[in-house]
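*Asks:* What follows is the file coords.txt, containing compact mmCIF, C-alpha atoms:
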```txt
# COMPACT_ATOMS: atom_id res chain seq x y z
CA MET J 18 0.00 0.00 0.00
CA ASN J 19 2.67 2.39 1.08
CA SER J 20 4.96 1.43 -1.76
CA ALA J 21 2.14 1.85 -4.29
CA VAL J 22 1.61 5.41 -3.12
CA ALA J 23 5.32 6.07 -3.16
CA SER J 24 5.64 4.79 -6.71
CA LEU J 25 3.13 7.41 -7.91
CA GLU J 26 5.38 10.16 -6.55
CA PRO J 27 6.27 12.34 -9.52
CA GLY J 28 9.92 12.69 -10.41
CA SER J 29 11.20 9.26 -9.49
CA GLU J 30 12.34 7.27 -12.52
CA GLU J 31 10.60 3.99 -11.70
CA SER J 32 7.27 5.62 -10.94
CA GLU J 33 6.90 6.90 -14.49
CA SER J 34 7.47 3.55 -16.14
CA ALA J 35 5.13 1.89 -13.65
CA VAL J 36 2.35 4.39 -14.30
CA THR J 37 2.72 4.65 -18.08
CA GLY J 38 3.28 0.94 -18.56
CA HIS J 39 6.39 1.55 -20.62
CA GLY J 40 8.26 -1.23 -18.86
CA ALA J 41 12.02 -1.54 -18.99
CA GLY J 42 12.47 1.00 -21.80
CA GLY J 43 11.12 3.86 -19.71
CA PRO J 44 9.15 6.79 -21.06
CA ALA J 45 9.85 7.99 -24.59
CA PRO J 46 12.64 10.58 -24.95
CA LYS J 47 11.50 14.18 -24.79
CA ARG J 48 12.23 14.89 -28.46
CA ILE J 49 9.78 12.12 -29.42
CA VAL J 50 7.09 13.44 -27.06
CA VAL J 51 7.54 17.06 -28.21
CA GLY J 52 7.41 16.04 -31.87
CA TYR J 53 4.29 13.94 -31.26
CA GLY J 54 2.48 16.77 -29.46
CA PHE J 55 3.23 19.23 -32.22
CA TRP J 56 2.29 16.63 -34.83
CA ILE J 57 -1.19 16.38 -33.23
CA PHE J 58 -1.53 20.17 -33.56
CA LEU J 59 -0.43 20.06 -37.21
CA ILE J 60 -3.01 17.39 -37.99
CA SER J 61 -5.74 19.48 -36.38
CA ASP J 62 -4.54 22.37 -38.57
CA VAL J 63 -4.80 20.12 -41.64
CA VAL J 64 -8.36 19.17 -40.61
CA MET J 65 -9.18 22.90 -40.44
CA PHE J 66 -7.73 23.38 -43.94
CA SER J 67 -9.79 20.42 -45.17
CA THR J 68 -12.99 22.30 -44.27
CA LEU J 69 -11.76 25.25 -46.37
CA PHE J 70 -10.93 22.88 -49.26
CA ALA J 71 -14.40 21.36 -48.96
CA SER J 72 -16.02 24.83 -49.10
CA TYR J 73 -13.93 25.71 -52.15
CA ALA J 74 -14.90 22.49 -53.92
CA VAL J 75 -18.60 23.01 -53.15
CA LEU J 76 -18.63 26.72 -54.11
CA PHE J 77 -16.28 26.42 -57.10
CA LYS J 78 -19.05 26.89 -59.70
CA GLU J 79 -20.98 29.57 -57.77
CA THR J 80 -19.42 32.53 -59.58
CA ALA J 81 -22.61 34.67 -59.45
CA GLY J 82 -22.06 35.74 -63.06
CA GLY J 83 -18.53 36.89 -62.21
CA PRO J 84 -15.17 35.62 -63.46
CA SER J 85 -14.31 31.93 -63.09
CA ALA J 86 -11.03 30.33 -61.99
CA ARG J 87 -9.99 29.71 -65.61
CA GLU J 88 -10.37 33.41 -66.46
CA LEU J 89 -8.55 34.65 -63.33
CA PHE J 90 -5.59 32.45 -62.43
CA ASP J 91 -2.13 32.90 -63.95
CA LEU J 92 -0.32 29.54 -63.77
CA ARG J 93 3.12 31.15 -64.28
CA ASN J 94 2.65 33.00 -60.99
CA THR J 95 1.54 29.75 -59.32
CA ALA J 96 4.61 27.95 -60.70
CA ALA J 97 6.92 30.66 -59.32
CA GLU J 98 5.22 30.51 -55.89
CA THR J 99 5.53 26.70 -55.90
CA ALA J 100 9.24 26.86 -56.77
CA LEU J 101 9.92 29.39 -53.99
CA LEU J 102 8.10 27.35 -51.34
CA LEU J 103 9.68 24.06 -52.44
CA ALA J 104 13.16 25.63 -52.32
CA SER J 105 12.41 27.01 -48.85
CA THR J 106 11.33 23.58 -47.61
CA PHE J 107 14.69 22.21 -48.79
CA THR J 108 16.71 24.99 -47.10
CA CYS J 109 14.66 24.40 -43.93
CA ALA J 110 15.69 20.72 -44.04
CA MET J 111 19.29 21.94 -44.45
CA ALA J 112 18.82 24.12 -41.36
CA SER J 113 17.67 21.01 -39.45
CA LEU J 114 20.89 19.25 -40.47
CA ALA J 115 22.97 22.26 -39.41
CA VAL J 116 21.24 22.28 -36.01
CA ALA J 117 21.80 18.53 -35.66
CA HIS J 118 25.50 19.08 -36.26
CA ARG J 119 25.58 22.17 -34.00
CA ASN J 120 26.87 24.45 -36.73
CA MET J 121 25.79 28.03 -35.99
CA LYS J 122 26.97 29.58 -39.27
CA TRP J 123 25.06 27.13 -41.49
CA THR J 124 22.03 27.20 -39.20
CA GLN J 125 21.72 30.96 -39.48
CA LEU J 126 22.51 31.01 -43.20
CA SER J 127 19.94 28.35 -44.15
CA LEU J 128 17.32 29.91 -41.88
CA LEU J 129 17.94 33.29 -43.52
CA VAL J 130 17.54 31.82 -47.02
CA THR J 131 14.38 29.97 -45.88
CA GLY J 132 12.92 33.23 -44.57
CA LEU J 133 13.80 35.19 -47.72
CA LEU J 134 12.22 32.53 -49.96
CA GLY J 135 9.12 32.58 -47.76
CA ALA J 136 8.95 36.37 -47.96
CA ALA J 137 9.31 36.23 -51.76
CA PHE J 138 6.43 33.71 -51.84
CA LEU J 139 4.26 36.07 -49.78
CA THR J 140 5.15 38.99 -52.07
CA LEU J 141 3.96 37.05 -55.13
CA GLU J 142 0.77 35.99 -53.33
CA TRP J 143 0.11 39.56 -52.21
CA ARG J 144 0.59 40.84 -55.79
CA GLU J 145 -1.82 38.20 -57.08
CA PHE J 146 -4.47 39.11 -54.47
CA ALA J 147 -4.05 42.85 -55.13
CA GLY J 148 -4.33 42.22 -58.88
CA LEU J 149 -7.57 40.23 -58.43
CA VAL J 150 -9.11 42.92 -56.23
CA ALA J 151 -8.08 45.62 -58.73
CA ARG J 152 -9.88 43.67 -61.50
CA GLY J 153 -13.06 43.63 -59.42
CA ALA J 154 -12.56 39.99 -58.46
CA GLY J 155 -12.14 40.48 -54.71
CA PRO J 156 -13.51 38.21 -52.00
CA THR J 157 -16.88 39.99 -52.03
CA ARG J 158 -17.53 39.31 -55.75
CA SER J 159 -18.88 35.77 -55.50
CA ALA J 160 -19.07 32.72 -53.23
CA PHE J 161 -16.35 31.13 -55.38
CA LEU J 162 -13.98 34.06 -54.75
CA SER J 163 -14.87 34.22 -51.03
CA SER J 164 -13.85 30.58 -50.62
CA PHE J 165 -10.73 31.07 -52.76
CA PHE J 166 -9.48 34.06 -50.72
CA THR J 167 -10.27 32.30 -47.42
CA LEU J 168 -8.42 29.11 -48.35
CA VAL J 169 -5.33 30.62 -50.00
CA GLY J 170 -5.26 33.59 -47.60
CA CYS J 171 -5.34 31.22 -44.61
CA HIS J 172 -2.28 29.47 -46.00
CA GLY J 173 -0.61 32.87 -46.51
CA ALA J 174 -1.39 33.80 -42.90
CA HIS J 175 0.29 30.56 -41.78
CA VAL J 176 3.39 31.39 -43.86
CA THR J 177 3.47 34.87 -42.26
CA ALA J 178 3.31 33.31 -38.78
CA GLY J 179 6.04 30.86 -39.83
CA ILE J 180 8.33 33.72 -40.89
CA LEU J 181 7.83 35.46 -37.53
CA TRP J 182 8.64 32.17 -35.78
CA LEU J 183 11.70 31.76 -38.02
CA GLY J 184 12.93 35.24 -37.05
CA THR J 185 12.50 34.31 -33.39
CA MET J 186 14.60 31.18 -33.90
CA MET J 187 17.32 33.19 -35.68
CA ALA J 188 17.47 35.50 -32.64
CA GLN J 189 17.36 32.68 -30.06
CA PHE J 190 20.07 30.41 -31.50
CA PRO J 191 22.89 32.99 -31.16
CA ALA J 192 21.53 34.33 -27.85
CA LYS J 193 20.94 31.00 -26.09
CA GLY J 194 23.03 28.51 -28.08
CA PHE J 195 21.93 24.99 -29.06
CA ARG J 196 20.16 24.45 -25.76
CA ARG J 197 17.85 21.48 -25.47
CA ASP J 198 14.64 23.52 -25.19
CA ILE J 199 15.64 25.78 -28.08
CA CYS J 200 16.34 22.73 -30.25
CA HIS J 201 12.90 21.30 -29.39
CA ARG J 202 11.38 24.63 -30.41
CA PHE J 203 13.27 24.47 -33.69
CA LEU J 204 12.05 20.88 -34.27
CA CYS J 205 8.46 22.17 -34.00
CA PHE J 206 9.23 25.07 -36.34
CA SER J 207 10.67 22.76 -39.01
CA LEU J 208 7.61 20.47 -38.78
CA PHE J 209 5.36 23.54 -39.16
CA TRP J 210 7.26 24.82 -42.21
CA HIS J 211 7.26 21.43 -43.98
CA ALA J 212 3.54 20.98 -43.23
CA LEU J 213 2.84 24.35 -44.89
CA ASP J 214 4.45 23.06 -48.07
CA ILE J 215 2.19 19.98 -47.95
CA ILE J 216 -0.84 22.27 -47.75
CA TRP J 217 0.54 24.27 -50.68
CA VAL J 218 0.86 21.07 -52.76
CA ALA J 219 -2.88 20.55 -52.30
CA ILE J 220 -3.57 24.23 -53.11
CA PHE J 221 -1.57 24.44 -56.34
CA SER J 222 -2.83 21.05 -57.54
CA LEU J 223 -6.52 21.33 -56.71
CA VAL J 224 -7.21 25.09 -56.64
CA TYR J 225 -4.97 26.31 -59.45
CA LEU J 226 -4.28 23.34 -61.76
CA VAL J 227 -7.65 21.53 -61.56
CA GLY J 228 -9.40 24.92 -61.26
CA THR J 229 -8.07 26.17 -64.58
CA LEU J 230 -8.82 23.01 -66.58
CA PRO J 231 -11.23 23.49 -69.51
CA SER J 232 -14.77 23.04 -68.17
CA GLU J 233 -15.40 19.83 -70.16
CA LEU J 234 -12.51 18.16 -68.27
CA LEU J 235 -13.77 19.11 -64.78
CA PRO J 236 -15.27 16.28 -62.73
CA MET X 21 13.27 20.97 -15.16
CA SER X 22 16.91 21.20 -14.05
CA ASP X 23 17.95 19.61 -17.35
CA GLN X 24 16.14 22.20 -19.41
CA GLY X 25 18.57 25.03 -19.06
CA LYS X 26 21.69 23.00 -19.65
CA TYR X 27 23.80 23.62 -22.70
CA ASP X 28 23.86 20.06 -23.84
CA ALA X 29 25.92 19.95 -27.01
CA GLY X 30 27.65 16.60 -27.17
CA SER X 31 26.54 15.61 -23.68
CA ASN X 32 23.45 13.58 -24.46
CA VAL X 33 23.14 10.42 -22.47
CA GLY X 34 22.07 7.23 -24.19
CA GLU X 35 18.74 7.35 -26.02
CA ASP X 36 17.75 10.88 -25.16
CA ARG X 37 19.37 12.77 -27.96
CA SER X 38 18.25 16.36 -28.14
CA ALA X 39 15.80 17.44 -30.81
CA GLY X 40 17.24 17.05 -34.26
CA GLU X 41 20.57 15.83 -32.93
CA ALA X 42 22.54 13.96 -35.59
CA GLU X 43 21.37 10.37 -35.88
CA PRO X 44 24.03 7.87 -34.91
CA GLY X 45 25.44 5.86 -37.79
CA VAL X 46 24.27 8.26 -40.51
CA THR X 47 26.83 10.59 -42.09
CA LEU X 48 26.14 14.19 -43.02
CA GLY X 49 26.67 13.32 -46.69
CA GLN X 50 23.98 10.63 -46.56
CA GLU X 51 21.53 13.02 -44.92
CA VAL X 52 22.19 15.75 -47.50
CA ARG X 53 21.74 13.20 -50.30
CA ALA X 54 18.42 12.05 -48.79
CA ASN X 55 17.18 15.65 -48.73
CA LEU X 56 18.36 16.19 -52.32
CA LEU X 57 16.52 13.02 -53.38
CA GLY X 58 13.34 14.29 -51.69
CA LEU X 59 13.73 17.65 -53.43
CA ALA X 60 14.31 15.99 -56.82
CA LEU X 61 11.22 13.76 -56.45
CA ALA X 62 9.09 16.75 -55.39
CA ILE X 63 10.32 18.81 -58.37
CA GLY X 64 9.61 15.89 -60.72
CA LEU X 65 6.04 15.44 -59.46
CA THR X 66 5.40 19.21 -59.53
CA ALA X 67 6.69 19.45 -63.11
CA ALA X 68 4.48 16.49 -64.12
CA SER X 69 1.43 18.20 -62.58
CA PHE X 70 2.00 21.49 -64.40
CA TRP X 71 2.78 19.66 -67.64
CA ILE X 72 -0.47 17.66 -67.52
CA ALA X 73 -2.51 20.73 -66.54
CA THR X 74 -1.15 22.92 -69.33
CA MET X 75 -1.47 20.18 -71.99
CA PRO X 76 -4.56 18.27 -70.85
CA HIS X 77 -5.27 16.87 -74.32
CA LEU X 78 -2.18 14.64 -74.05
CA ILE X 79 -3.93 12.12 -71.81
CA TYR X 80 -7.45 10.69 -71.59
CA GLY X 81 -9.66 13.69 -70.81
CA PRO X 82 -11.73 12.49 -67.84
CA GLY X 83 -8.49 11.22 -66.23
CA VAL X 84 -6.80 14.64 -66.08
CA ALA X 85 -8.27 15.81 -62.77
CA MET X 86 -7.71 12.36 -61.25
CA ALA X 87 -4.07 12.35 -62.45
CA LEU X 88 -3.51 15.75 -60.79
CA LEU X 89 -5.04 14.44 -57.54
CA VAL X 90 -2.85 11.32 -57.60
CA LEU X 91 0.31 13.37 -58.30
CA ALA X 92 -0.59 15.70 -55.39
CA VAL X 93 -1.09 12.79 -52.97
CA ALA X 94 2.19 11.23 -54.15
CA GLN X 95 4.04 14.49 -53.54
CA MET X 96 2.51 14.80 -50.06
CA GLY X 97 3.86 11.31 -49.35
CA ILE X 98 7.33 12.39 -50.53
CA HIS X 99 7.22 15.41 -48.20
CA LEU X 100 6.04 13.27 -45.27
CA VAL X 101 8.84 10.74 -45.70
CA PHE X 102 11.78 12.93 -46.71
CA PHE X 103 11.10 16.18 -44.82
CA LEU X 104 8.76 15.35 -41.93
CA HIS X 105 10.58 12.00 -41.41
CA ILE X 106 7.42 9.96 -40.93
CA THR X 107 8.76 6.43 -41.17
CA THR X 108 7.85 2.90 -40.09
CA SER X 109 10.27 2.94 -37.12
CA PRO X 110 8.82 2.17 -33.66
CA ASP X 111 9.55 5.80 -32.65
CA ASN X 112 7.00 6.85 -35.25
CA ALA X 113 4.12 4.47 -34.49
CA ASN X 114 2.09 7.11 -32.65
CA ASN X 115 2.71 9.71 -35.37
CA VAL X 116 1.55 7.30 -38.07
CA LEU X 117 -1.62 6.44 -36.12
CA ALA X 118 -2.42 10.13 -35.60
CA LEU X 119 -1.80 10.74 -39.31
CA ALA X 120 -4.10 7.86 -40.28
CA PHE X 121 -6.86 9.26 -38.10
CA GLY X 122 -6.28 12.73 -39.58
CA VAL X 123 -6.55 11.36 -43.11
CA LEU X 124 -9.84 9.66 -42.18
CA ILE X 125 -11.30 12.93 -40.84
CA VAL X 126 -10.08 14.92 -43.85
CA ALA X 127 -11.60 12.36 -46.26
CA LEU X 128 -14.92 12.41 -44.38
CA ILE X 129 -15.06 16.22 -44.40
CA VAL X 130 -14.05 16.74 -48.05
CA PHE X 131 -15.85 13.85 -49.77
CA GLY X 132 -18.81 14.06 -47.37
CA SER X 133 -19.29 17.77 -48.11
CA ILE X 134 -18.99 17.31 -51.88
CA TRP X 135 -21.33 14.30 -51.84
CA VAL X 136 -24.02 15.96 -49.73
CA MET X 137 -23.86 19.28 -51.57
CA THR X 138 -24.03 17.80 -55.09
CA HIS X 139 -27.11 15.80 -54.05
CA MET X 140 -28.70 18.96 -52.66
CA ASN X 141 -27.94 20.70 -55.94
CA HIS X 142 -29.57 17.82 -57.85
CA ASN X 143 -32.71 18.00 -55.69
CA ILE X 144 -33.27 21.73 -55.22
CA GLY X 145 -30.97 23.21 -57.88
CA SER X 146 -27.76 25.07 -57.20
CA MET X 147 -27.75 28.70 -56.13
CA SER X 148 -26.49 29.89 -59.52
CA GLU X 149 -29.29 28.07 -61.36
CA TRP X 150 -31.80 29.55 -58.97
CA MET X 151 -30.43 33.05 -59.61
CA ARG X 152 -30.59 32.53 -63.38
CA LYS X 153 -34.26 31.56 -63.06
CA GLN X 154 -34.94 34.75 -61.11
CA GLN X 155 -33.65 36.96 -63.91
```
For this file, write the structure as structure tokens.

*Replies:*
Amino acid sequence: MNSAVASLEPGSEESESAVTGHGAGGPAPKRIVVGYGFWIFLISDVVMFSTLFASYAVLFKETAGGPSARELFDLRNTAAETALLLASTFTCAMASLAVAHRNMKWTQLSLLVTGLLGAAFLTLEWREFAGLVARGAGPTRSAFLSSFFTLVGCHGAHVTAGILWLGTMMAQFPAKGFRRDICHRFLCFSLFWHALDIIWVAIFSLVYLVGTLPSELLP
Amino acid sequence: MSDQGKYDAGSNVGEDRSAGEAEPGVTLGQEVRANLLGLALAIGLTAASFWIATMPHLIYGPGVAMALLVLAVAQMGIHLVFFLHITTSPDNANNVLALAFGVLIVALIVFGSIWVMTHMNHNIGSMSEWMRKQQ
């Protein structure tokens, strides 16, 4: 009885494995637990995006007499945005390697390039949105355009948040070094940045490429 | 808590490497090559998507949208494996289960919404048809 109570005492090594049922291996290392927790958040974010994709798919043809996707979207701009985001996902992976090898110079350099590519992506997206609004195809024009601006704008807002986070990491690495908690924070950032590229794959494929197909080829 | 503040470069004990610490037994060159392979596959799939979309007459018409969907899912898989490092290792079992559940929810939301809304459009007419009738 007494020993059972004692084994629930937080902080003692044996108590944790007894309570969690992990057995001889002990609880999972912190980097696994942190990654798992953030992964759950990312999946909830993807579920939120799926509702926006569903709205877009349902409202795609509701143009209210206004311009359709085929008349509005410029695929060269989409290709440039895709190239920028794909390159930034690669430089972010390079930053992860630099952090793993505790190399400050390469960490900062690849984070800087990642941030600049992300900012260039946002610039192109902003120009596209401004161009659509100037042509009278803003979010208030039709249900189709409302859902388009909500979906793609939500992704842009995530990229903006990611760039702010990236700037924070670039300030914290030199100030605090490769400390364990800072490295966990960076692990979460890299997961976030790569997940944004996955969302963009769905956006460029389904919103832009399928959206601009000739109408007889649409499902 | 006391561990948290420690500057732990090179002082990790046993299993508990710090986040993103170099994996034992894998050289930097191998890791860079793996990332380059992921990048090359992603570029290839992206190029294929744009190529099919800009020249849709090259393949069977009704298959174009489906081909774009398949290429997108394939590229998401490439990103998951090469950049998010979702693998079949025991470390990843929980992540894979959470991902599988996420995919189920996403499929229910997207295909459920499209299914329900197209049937509503069949039965009561879509909003745009209704507005055309009003004019």

*Asks:* Quick check, in Å to one decimal: how far apart do CA of Asn94 in chain J and CA of Val224 in chain J lie?

*Replies:*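 Computing it gives 13.4 Å between the two atoms.
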
*Asks:* Find the residues of chain J in contact range of chain X, meaning any atom within 6 Å when counting all atoms listed in the file, and list them as a list in words.

*Replies:*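 So the residues of chain J near chain X are Pro46, Arg48, Ile60, Val64, Ser67, Ala71, Val75, Glu79, Ala117, His118, Arg196, Arg197, Cys200, His201, Ile215, Leu226, Val227 and Leu234 of chain J.
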
*Asks:* With all atoms listed in the file as the atoms that count, which of X:Pro110, X:Leu57, X:Gly49, X:Leu65 lies nearest to Thr99 in chain J?

*Replies:*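 Of all the options, X:Leu65 lies closest to Thr99 in chain J.
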
*Asks:* Suppose you want the space between CA of Thr106 in chain J and CA of His211 in chain J; what is it in Å?

*Replies:*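 Here the two named atoms are 5.9 Å from each other.
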
*Asks:* Taking 2 positions as the minimum chain separation for residues in the same chain, which residues sit within 12 Å of Ala174 in chain J when counting all atoms listed in the file? Answer as a PyMOL selection string.

*Replies:* chain J and resi 135-136+138-139+142-143+166-172+176-181+213

*Asks:* Would you mind exporting C-alpha atoms of the selected residues as a PDB file, in the frame of the given file?

*Replies:*
```pdb
ATOM      1  CA  GLY J 135       9.120  32.580 -47.760  1.00  0.00           C
ATOM      2  CA  ALA J 136       8.950  36.370 -47.960  1.00  0.00           C
ATOM      3  CA  PHE J 138       6.430  33.710 -51.840  1.00  0.00           C
ATOM      4  CA  LEU J 139       4.260  36.070 -49.780  1.00  0.00           C
ATOM      5  CA  GLU J 142       0.770  35.990 -53.330  1.00  0.00           C
ATOM      6  CA  TRP J 143       0.110  39.560 -52.210  1.00  0.00           C
ATOM      7  CA  PHE J 166      -9.480  34.060 -50.720  1.00  0.00           C
ATOM      8  CA  THR J 167     -10.270  32.300 -47.420  1.00  0.00           C
ATOM      9  CA  LEU J 168      -8.420  29.110 -48.350  1.00  0.00           C
ATOM     10  CA  VAL J 169      -5.330  30.620 -50.000  1.00  0.00           C
ATOM     11  CA  GLY J 170      -5.260  33.590 -47.600  1.00  0.00           C
ATOM     12  CA  CYS J 171      -5.340  31.220 -44.610  1.00  0.00           C
ATOM     13  CA  HIS J 172      -2.280  29.470 -46.000  1.00  0.00           C
ATOM     14  CA  VAL J 176       3.390  31.390 -43.860  1.00  0.00           C
ATOM     15  CA  THR J 177       3.470  34.870 -42.260  1.00  0.00           C
ATOM     16  CA  ALA J 178       3.310  33.310 -38.780  1.00  0.00           C
ATOM     17  CA  GLY J 179       6.040  30.860 -39.830  1.00  0.00           C
ATOM     18  CA  ILE J 180       8.330  33.720 -40.890  1.00  0.00           C
ATOM     19  CA  LEU J 181       7.830  35.460 -37.530  1.00  0.00           C
ATOM     20  CA  LEU J 213       2.840  24.350 -44.890  1.00  0.00           C
TER      21      LEU J 213
END
```

*Asks:* Pick out the closest residue to Asp214 in chain J from this set: J:Val150, J:Leu162, J:Ile199, J:Val63. Count all atoms listed in the file.

*Replies:* J:Val63

*Asks:* Please compute the CA of Leu230 in chain J-CA of Thr140 in chain J distance, one decimal, in Å.

*Replies:*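 Between these atoms lies a distance of 25.7 Å.
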
*Asks:* Would you please work out which residue, of J:Leu89, J:Leu128, J:Leu223, J:Met111, is nearest to Tyr73 in chain J when using only C-alpha atoms?

*Replies:*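 Going through J:Leu89, J:Leu128, J:Leu223, J:Met111 one by one, the smallest distance to Tyr73 in chain J is for J:Leu223.
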
*Asks:* Please put the answer as lines of an AutoDock Vina configuration file: centre and edge lengths, in Å with one decimal, of a box along x, y and z that encloses all listed atoms of range 196-209 of chain J plus 8 Å on each side.

*Replies:*
```
center_x = 12.8
center_y = 23.1
center_z = -32.2
size_x = 30.8
size_y = 21.3
size_z = 30.0
```

*Asks:* Return the single residue from J:Phe190, J:Tyr225, J:Phe206, J:Phe90 that is closest to Trp123 in chain J, with distances computed using all atoms listed in the file.

*Replies:*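 Of J:Phe190, J:Tyr225, J:Phe206, J:Phe90, the one nearest Trp123 in chain J is J:Phe190, counting all atoms listed in the file.
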
*Asks:* I need range 128-143 of chain X from the structure I supplied, saved as an mmCIF file, in the first residue's frame with N, CA, C and O atoms retained.

*Replies:*
```cif
data_model
loop_
_atom_site.group_PDB
_atom_site.id
_atom_site.type_symbol
_atom_site.label_atom_id
_atom_site.label_comp_id
_atom_site.auth_asym_id
_atom_site.auth_seq_id
_atom_site.Cartn_x
_atom_site.Cartn_y
_atom_site.Cartn_z
ATOM 1 N N LEU X 128 -13.494 12.285 -44.722
ATOM 2 C CA LEU X 128 -14.921 12.406 -44.384
ATOM 3 C C LEU X 128 -15.421 13.812 -44.664
ATOM 4 O O LEU X 128 -16.492 14.012 -45.254
ATOM 5 N N ILE X 129 -14.615 14.831 -44.243
ATOM 6 C CA ILE X 129 -15.059 16.221 -44.404
ATOM 7 C C ILE X 129 -15.163 16.577 -45.882
ATOM 8 O O ILE X 129 -16.180 17.098 -46.347
ATOM 9 N N VAL X 130 -14.085 16.277 -46.657
ATOM 10 C CA VAL X 130 -14.047 16.739 -48.049
ATOM 11 C C VAL X 130 -15.054 15.962 -48.901
ATOM 12 O O VAL X 130 -15.937 16.544 -49.538
ATOM 13 N N PHE X 131 -14.948 14.616 -48.892
ATOM 14 C CA PHE X 131 -15.846 13.851 -49.769
ATOM 15 C C PHE X 131 -17.279 13.904 -49.251
ATOM 16 O O PHE X 131 -18.221 13.956 -50.053
ATOM 17 N N GLY X 132 -17.464 13.923 -47.931
ATOM 18 C CA GLY X 132 -18.810 14.063 -47.374
ATOM 19 C C GLY X 132 -19.456 15.363 -47.817
ATOM 20 O O GLY X 132 -20.614 15.369 -48.250
ATOM 21 N N SER X 133 -18.725 16.479 -47.715
ATOM 22 C CA SER X 133 -19.292 17.771 -48.110
ATOM 23 C C SER X 133 -19.666 17.769 -49.587
ATOM 24 O O SER X 133 -20.759 18.188 -49.970
ATOM 25 N N ILE X 134 -18.722 17.283 -50.437
ATOM 26 C CA ILE X 134 -18.992 17.315 -51.876
ATOM 27 C C ILE X 134 -20.195 16.432 -52.199
ATOM 28 O O ILE X 134 -21.089 16.818 -52.966
ATOM 29 N N TRP X 135 -20.247 15.259 -51.589
ATOM 30 C CA TRP X 135 -21.330 14.297 -51.839
ATOM 31 C C TRP X 135 -22.677 14.894 -51.445
ATOM 32 O O TRP X 135 -23.629 14.944 -52.237
ATOM 33 N N VAL X 136 -22.752 15.415 -50.214
ATOM 34 C CA VAL X 136 -24.017 15.962 -49.735
ATOM 35 C C VAL X 136 -24.440 17.162 -50.589
ATOM 36 O O VAL X 136 -25.590 17.268 -51.014
ATOM 37 N N MET X 137 -23.487 18.053 -50.873
ATOM 38 C CA MET X 137 -23.865 19.284 -51.569
ATOM 39 C C MET X 137 -24.254 19.026 -53.022
ATOM 40 O O MET X 137 -25.154 19.672 -53.545
ATOM 41 N N THR X 138 -23.601 18.059 -53.718
ATOM 42 C CA THR X 138 -24.029 17.795 -55.095
ATOM 43 C C THR X 138 -25.435 17.196 -55.097
ATOM 44 O O THR X 138 -26.237 17.509 -55.975
ATOM 45 N N HIS X 139 -25.755 16.359 -54.106
ATOM 46 C CA HIS X 139 -27.113 15.799 -54.053
ATOM 47 C C HIS X 139 -28.139 16.879 -53.768
ATOM 48 O O HIS X 139 -29.234 16.868 -54.325
ATOM 49 N N MET X 140 -27.772 17.843 -52.902
ATOM 50 C CA MET X 140 -28.703 18.958 -52.657
ATOM 51 C C MET X 140 -28.909 19.748 -53.937
ATOM 52 O O MET X 140 -30.019 20.148 -54.267
ATOM 53 N N ASN X 141 -27.813 19.950 -54.692
ATOM 54 C CA ASN X 141 -27.938 20.697 -55.938
ATOM 55 C C ASN X 141 -28.825 19.957 -56.931
ATOM 56 O O ASN X 141 -29.606 20.561 -57.656
ATOM 57 N N HIS X 142 -28.717 18.599 -56.949
ATOM 58 C CA HIS X 142 -29.575 17.825 -57.846
ATOM 59 C C HIS X 142 -31.040 17.988 -57.469
ATOM 60 O O HIS X 142 -31.906 18.092 -58.327
ATOM 61 N N ASN X 143 -31.318 18.011 -56.145
ATOM 62 C CA ASN X 143 -32.711 18.001 -55.694
ATOM 63 C C ASN X 143 -33.361 19.373 -55.711
ATOM 64 O O ASN X 143 -34.521 19.512 -56.086
#
```
